[in-house]
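Right, one structure below, let's go through it.
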Amino acid sequence: MPAPVLPVAPVTPWRMYAHVSDIPGADYKGIEVEAIAIEKDPGGKYFCARVICCPEDGPLRMCSVYLREEGGGALCIADLPTKEEAFDYAAKVSQARGWQVKGTIYDLRIREVPGKGYLADPREPGRFTLDPAKAALYHSAIAKDDLFVGGPGEHGRWMPWFDASNHSVDRASEKDALLSGVFAAAMVAMGPSAPHEGSSDAVRMREMLKSVVECNRSDRLVIFDDVQRCVIQETLDEDRFELSGHESDEELCDLILSAAPDDLFREMEPEFELDLLKAFASESGTAAINTAAANSPLVVSVAMLPAIHQRLERNGIESPFAHHFAEEVERESAPAPPA
């Protein structure tokens, strides 16, 4: 653990030893990993570090790896920006020295809510986040189901923070892997009744499973409320899209990006449009739209995504899609070549 009071903010990644083999073995009995919060003291002169055991201790700044001394003290040997890097480094030290990896980091829990991600740290802008690094962290001693009765996390579930994944990373691959696993299991369960792999029946069965899996997975993205979803479905269905009515919010985002701005925003009430823009700019909306843009890069040049980006900025909402148009902005701001 870093010193509780620091003259300057710690910079990650930091390692005390250049090589794992340099880490001393004598006088130590174990290795531990902790989630660490850093903030300035009331006077604003020093930085205070503490182990996170509840949301009030945050926000998470880094994960520290340290050696537990025989006498009970601790020596910090690394400050790393993510839990994955911290666990990886601790595992290497454990393998080299034969020590078990411990720490209260294993006692931390986060609240996963179906379709929304995780309950966010109180200092984050939204109630929910797809990134476990931005989630509210609770020690297992206080992580009880009745903690959120009547609140946004009432219908969620507790899960170990160290085991939580980032729902906004490579969602397309995650979805395909999940569907493939369910499809393979279904084929095995059907035994001799299963369609031949690669046949039209197998393809149709996989497509049928797709909507069922997506609607029931706990980490599916819920971007729109019921009214917004209904308006979007009706609007797209009136134009050139034929909807089944069972499209997930991610699939609706795929379709929206292929539409013209007038298909969606035509005659829309300003207040409704603002709420819809906020949904697009939410973590869930951003993840869905960026995944759609990565799968079909041509949609970036279609009018809809630029229109959403411009409308967000006109309404004073920071656009999470600005990076798609960075090169275009650079070209427009570049000085004209000499005649």
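In the structure tokens, chains take the letters A, B, ... in the order shown, each chain's residues start at 1, and ligands count up from 1 in the order shown.
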Shell around region 116-119 of chain A at 10 Å using only C-alpha atoms, local window under 2 positions removed, as JSON, numbers by chain: {"A": [110, 111, 112, 113, 114, 121, 122, 124, 126, 127, 128, 129, 130, 131, 132, 133, 134, 135, 136, 137, 152, 153, 156, 157, 158, 159, 164, 166, 167, 168, 218, 219, 220, 221, 222, 223, 283, 284]}
Just write the chosen residues, N, CA, C and O atoms, as a compact mmCIF listing (two decimals), in the first residue's frame.
```txt
# COMPACT_ATOMS: atom_id res chain seq x y z
N ILE A 110 -19.50 -5.60 -6.39
CA ILE A 110 -20.20 -4.55 -7.13
C ILE A 110 -21.58 -5.07 -7.50
O ILE A 110 -21.81 -6.28 -7.54
N ARG A 111 -22.49 -4.16 -7.77
CA ARG A 111 -23.88 -4.52 -8.04
C ARG A 111 -24.14 -4.45 -9.54
O ARG A 111 -24.10 -3.37 -10.14
N GLU A 112 -24.38 -5.62 -10.14
CA GLU A 112 -24.69 -5.69 -11.57
C GLU A 112 -26.20 -5.69 -11.75
O GLU A 112 -26.92 -6.48 -11.11
N VAL A 113 -26.69 -4.79 -12.59
CA VAL A 113 -28.13 -4.67 -12.84
C VAL A 113 -28.39 -5.07 -14.29
O VAL A 113 -27.77 -4.51 -15.21
N PRO A 114 -29.28 -6.04 -14.54
CA PRO A 114 -29.52 -6.52 -15.91
C PRO A 114 -29.80 -5.38 -16.88
O PRO A 114 -30.66 -4.54 -16.64
N ASP A 121 -19.90 4.45 -9.21
CA ASP A 121 -19.39 5.21 -8.08
C ASP A 121 -20.14 6.53 -7.99
O ASP A 121 -20.46 7.13 -9.04
N PRO A 122 -20.47 7.00 -6.80
CA PRO A 122 -21.26 8.24 -6.66
C PRO A 122 -20.65 9.45 -7.36
O PRO A 122 -21.35 10.39 -7.70
N GLU A 124 -19.24 9.38 -10.32
CA GLU A 124 -19.40 9.25 -11.77
C GLU A 124 -20.68 9.98 -12.20
O GLU A 124 -21.61 10.13 -11.41
N GLY A 126 -23.22 9.23 -14.23
CA GLY A 126 -24.48 8.50 -14.37
C GLY A 126 -24.67 7.49 -13.24
O GLY A 126 -23.77 7.24 -12.44
N ARG A 127 -25.87 6.92 -13.19
CA ARG A 127 -26.16 5.92 -12.15
C ARG A 127 -25.49 4.58 -12.43
O ARG A 127 -25.18 3.83 -11.51
N PHE A 128 -25.28 4.29 -13.72
CA PHE A 128 -24.75 2.99 -14.09
C PHE A 128 -23.51 3.15 -14.96
O PHE A 128 -23.30 4.20 -15.58
N THR A 129 -22.70 2.12 -15.00
CA THR A 129 -21.51 2.12 -15.82
C THR A 129 -21.26 0.72 -16.36
O THR A 129 -21.65 -0.28 -15.74
N LEU A 130 -20.64 0.63 -17.53
CA LEU A 130 -20.27 -0.66 -18.10
C LEU A 130 -18.86 -1.06 -17.69
O LEU A 130 -18.43 -2.19 -17.93
N ASP A 131 -18.14 -0.13 -17.06
CA ASP A 131 -16.74 -0.33 -16.70
C ASP A 131 -16.63 -0.60 -15.20
O ASP A 131 -16.95 0.27 -14.39
N PRO A 132 -16.18 -1.79 -14.80
CA PRO A 132 -16.08 -2.08 -13.36
C PRO A 132 -15.13 -1.15 -12.62
O PRO A 132 -15.24 -0.98 -11.40
N ALA A 133 -14.21 -0.49 -13.34
CA ALA A 133 -13.31 0.47 -12.69
C ALA A 133 -14.05 1.71 -12.23
O ALA A 133 -13.54 2.48 -11.41
N LYS A 134 -15.27 1.94 -12.77
CA LYS A 134 -16.06 3.11 -12.38
C LYS A 134 -17.23 2.74 -11.49
O LYS A 134 -18.09 3.56 -11.18
N ALA A 135 -17.28 1.48 -11.07
CA ALA A 135 -18.39 1.00 -10.27
C ALA A 135 -18.22 1.36 -8.79
O ALA A 135 -17.11 1.62 -8.33
N ALA A 136 -19.33 1.39 -8.08
CA ALA A 136 -19.30 1.59 -6.63
C ALA A 136 -18.84 0.29 -5.97
O ALA A 136 -19.41 -0.77 -6.22
N LEU A 137 -17.81 0.37 -5.14
CA LEU A 137 -17.22 -0.80 -4.52
C LEU A 137 -17.71 -0.96 -3.08
O LEU A 137 -17.67 0.01 -2.30
N PRO A 152 -32.21 1.95 -7.47
CA PRO A 152 -31.90 1.54 -8.85
C PRO A 152 -31.27 0.15 -8.95
O PRO A 152 -31.36 -0.49 -9.98
N GLY A 153 -30.67 -0.34 -7.86
CA GLY A 153 -30.04 -1.65 -7.92
C GLY A 153 -30.84 -2.75 -7.28
O GLY A 153 -30.32 -3.84 -7.03
N GLY A 156 -30.79 -6.10 -9.03
CA GLY A 156 -29.48 -6.54 -9.49
C GLY A 156 -28.96 -7.72 -8.68
O GLY A 156 -29.67 -8.34 -7.90
N ARG A 157 -27.71 -8.02 -8.88
CA ARG A 157 -27.06 -9.11 -8.14
C ARG A 157 -25.65 -8.67 -7.79
O ARG A 157 -25.02 -7.88 -8.49
N TRP A 158 -25.15 -9.18 -6.67
CA TRP A 158 -23.78 -8.89 -6.27
C TRP A 158 -22.82 -9.82 -7.01
O TRP A 158 -23.12 -10.99 -7.22
N MET A 159 -21.68 -9.29 -7.38
CA MET A 159 -20.66 -10.15 -7.97
C MET A 159 -19.29 -9.66 -7.52
O MET A 159 -19.11 -8.47 -7.21
N ALA A 164 -15.20 -9.15 -12.35
CA ALA A 164 -16.09 -8.41 -13.24
C ALA A 164 -15.37 -8.00 -14.53
O ALA A 164 -14.20 -7.60 -14.50
N ASN A 166 -15.40 -5.77 -18.32
CA ASN A 166 -15.84 -4.50 -18.90
C ASN A 166 -16.83 -4.80 -20.03
O ASN A 166 -16.47 -5.34 -21.06
N HIS A 167 -18.09 -4.43 -19.82
CA HIS A 167 -19.13 -4.75 -20.81
C HIS A 167 -19.03 -3.91 -22.08
O HIS A 167 -19.73 -4.19 -23.05
N SER A 168 -18.21 -2.88 -22.07
CA SER A 168 -18.14 -2.00 -23.24
C SER A 168 -16.99 -2.36 -24.17
O SER A 168 -16.78 -1.71 -25.18
N SER A 218 -27.70 -11.06 -18.88
CA SER A 218 -27.75 -10.02 -17.85
C SER A 218 -26.98 -8.78 -18.25
O SER A 218 -27.23 -7.69 -17.75
N ASP A 219 -26.00 -8.92 -19.16
CA ASP A 219 -25.20 -7.76 -19.54
C ASP A 219 -25.60 -7.20 -20.90
O ASP A 219 -24.83 -6.48 -21.53
N ARG A 220 -26.83 -7.51 -21.34
CA ARG A 220 -27.30 -6.85 -22.56
C ARG A 220 -27.42 -5.35 -22.27
O ARG A 220 -27.55 -4.95 -21.10
N LEU A 221 -27.40 -4.54 -23.27
CA LEU A 221 -27.48 -3.09 -23.07
C LEU A 221 -28.92 -2.60 -23.16
O LEU A 221 -29.61 -2.87 -24.13
N VAL A 222 -29.36 -1.91 -22.14
CA VAL A 222 -30.64 -1.22 -22.17
C VAL A 222 -30.34 0.27 -22.32
O VAL A 222 -29.82 0.91 -21.41
N ILE A 223 -30.65 0.80 -23.48
CA ILE A 223 -30.29 2.18 -23.81
C ILE A 223 -31.50 3.09 -23.73
O ILE A 223 -31.41 4.22 -23.24
N GLU A 283 -23.32 5.62 -21.41
CA GLU A 283 -22.29 4.61 -21.62
C GLU A 283 -22.82 3.45 -22.47
O GLU A 283 -22.12 2.94 -23.35
N SER A 284 -24.06 3.05 -22.21
CA SER A 284 -24.64 1.95 -22.99
C SER A 284 -24.82 2.36 -24.45
O SER A 284 -24.49 1.61 -25.37
```
Rows by chain and residue number, region 45-119 of chain A within 7 Å of region 15-26 of chain A, shortest pair, only C-alpha atoms, as JSON lines:
```
{"residue": "A:Ile77", "atom": "CA", "partner": "A:Met16", "partner_atom": "CA", "distance": 4.9}
{"residue": "A:Ala78", "atom": "CA", "partner": "A:Arg15", "partner_atom": "CA", "distance": 4.3}
{"residue": "A:Asp79", "atom": "CA", "partner": "A:Arg15", "partner_atom": "CA", "distance": 6.6}
{"residue": "A:Val93", "atom": "CA", "partner": "A:Val20", "partner_atom": "CA", "distance": 6.1}
{"residue": "A:Arg97", "atom": "CA", "partner": "A:Gly25", "partner_atom": "CA", "distance": 6.6}
```
DSSP-assigned strand (DSSP E) among region 35-129 of chain A, expressed as number ranges by chain: A: 35-40, 47-51, 60-69, 74-80, 101-102, 108-113, 117-119, 128-129
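Straight-line separation from CA of Ile31 (chain A) to CA of Tyr138 (chain A): 22.0 Å.
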Closest of A:Ala288, A:Val5, A:Ala143, A:Leu108 to Lys175 (chain A) - atom-to-atom distances counting only C-alpha atoms: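 Among the listed residues, A:Ala288 lies closest to Lys175 (chain A).
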Surrounding residues of Met190 (chain A) excluding itself and chain neighbours under 6 positions, 12 Å, only C-alpha atoms, as a list in words: Phe183, Ala184, His196, Ala202 and Met205 of chain A
Gap from CA of Gly198 (chain A) to CA of Glu174 (chain A) - Å, one decimal: 21.6 Å
Nearby residues (only C-alpha atoms) at most 10 Å from region 249-264 of chain A, same-chain spacing under 5 positions excluded, as number ranges by chain: A: 115, 214-215, 220-225, 229, 231-241, 243, 273, 280, 284-293, 295-296, 298-308
Nearby residues (only C-alpha atoms) at most 12 Å from Glu197 (chain A), same-chain spacing under 3 positions excluded, as a PyMOL selection string: chain A and resi 183-184+186-188+192-194+200-206
Interatomic distance (Å, one decimal) between CA of Phe325 (chain A) and CA of Arg311 (chain A):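 The value is 14.2 Å.
The residues of region 85-133 of chain A that DSSP classifies as alpha helix (DSSP H), using the backbone of this structure, are A:Glu85, A:Ala86, A:Phe87, A:Asp88, A:Tyr89, A:Ala90, A:Ala91, A:Lys92, A:Val93, A:Ser94, A:Gln95, A:Ala96, A:Arg97.
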Residue neighbourhood Tyr106 (chain A), 10 Å, only C-alpha atoms, exclusion window fewer than 5 positions, as number ranges by chain: A: 32-35, 101, 139-140, 160-163
Using the selection just defined, write its residues with N, CA and C atoms as a PDB file, in the first residue's frame.
```pdb
ATOM      1  N   GLU A  32      -0.081  -9.056  -1.385  1.00  0.00           N
ATOM      2  CA  GLU A  32      -1.472  -8.616  -1.333  1.00  0.00           C
ATOM      3  C   GLU A  32      -1.751  -7.578  -2.413  1.00  0.00           C
ATOM      4  N   VAL A  33      -3.001  -7.516  -2.818  1.00  0.00           N
ATOM      5  CA  VAL A  33      -3.453  -6.541  -3.810  1.00  0.00           C
ATOM      6  C   VAL A  33      -4.603  -5.746  -3.195  1.00  0.00           C
ATOM      7  N   GLU A  34      -4.565  -4.423  -3.364  1.00  0.00           N
ATOM      8  CA  GLU A  34      -5.611  -3.578  -2.794  1.00  0.00           C
ATOM      9  C   GLU A  34      -6.092  -2.545  -3.808  1.00  0.00           C
ATOM     10  N   ALA A  35      -7.384  -2.234  -3.726  1.00  0.00           N
ATOM     11  CA  ALA A  35      -7.941  -1.120  -4.502  1.00  0.00           C
ATOM     12  C   ALA A  35      -7.688   0.156  -3.704  1.00  0.00           C
ATOM     13  N   VAL A 101      -1.546 -15.061  -3.017  1.00  0.00           N
ATOM     14  CA  VAL A 101      -2.036 -13.701  -3.231  1.00  0.00           C
ATOM     15  C   VAL A 101      -3.291 -13.491  -2.400  1.00  0.00           C
ATOM     16  N   HIS A 139     -17.521  -3.576   0.445  1.00  0.00           N
ATOM     17  CA  HIS A 139     -16.938  -4.736   1.104  1.00  0.00           C
ATOM     18  C   HIS A 139     -18.035  -5.779   1.282  1.00  0.00           C
ATOM     19  N   SER A 140     -17.656  -7.040   1.234  1.00  0.00           N
ATOM     20  CA  SER A 140     -18.643  -8.120   1.326  1.00  0.00           C
ATOM     21  C   SER A 140     -19.456  -8.057   2.615  1.00  0.00           C
ATOM     22  N   PRO A 160     -18.298 -10.544  -7.445  1.00  0.00           N
ATOM     23  CA  PRO A 160     -16.951 -10.136  -7.025  1.00  0.00           C
ATOM     24  C   PRO A 160     -16.358  -9.132  -8.006  1.00  0.00           C
ATOM     25  N   TRP A 161     -15.806  -8.060  -7.481  1.00  0.00           N
ATOM     26  CA  TRP A 161     -15.239  -7.039  -8.356  1.00  0.00           C
ATOM     27  C   TRP A 161     -14.052  -7.581  -9.147  1.00  0.00           C
ATOM     28  N   PHE A 162     -13.231  -8.420  -8.509  1.00  0.00           N
ATOM     29  CA  PHE A 162     -12.042  -8.908  -9.209  1.00  0.00           C
ATOM     30  C   PHE A 162     -12.405  -9.759 -10.414  1.00  0.00           C
ATOM     31  N   ASP A 163     -13.636 -10.278 -10.433  1.00  0.00           N
ATOM     32  CA  ASP A 163     -14.057 -11.164 -11.518  1.00  0.00           C
ATOM     33  C   ASP A 163     -14.904 -10.441 -12.566  1.00  0.00           C
TER      34      ASP A 163
END
```
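Of the residues under consideration (A:Glu207, A:Pro55, A:Phe321, A:Val65), A:Pro55 shows the shortest atom-to-atom contact distance to Arg109 (chain A) when counting only C-alpha atoms.
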Residue with smallest distance to Asp170 (chain A) - pool A:Tyr46, A:Ala294, A:Arg217, A:Ile36, counting only C-alpha atoms: A:Ala294
For Asp57 (chain A): contacts at 8 Å, only C-alpha atoms, fewer than 6 positions along chain excluded, given as a list in words: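 My list of contacting residues is Ala37, Arg50 and Val51 of chain A.
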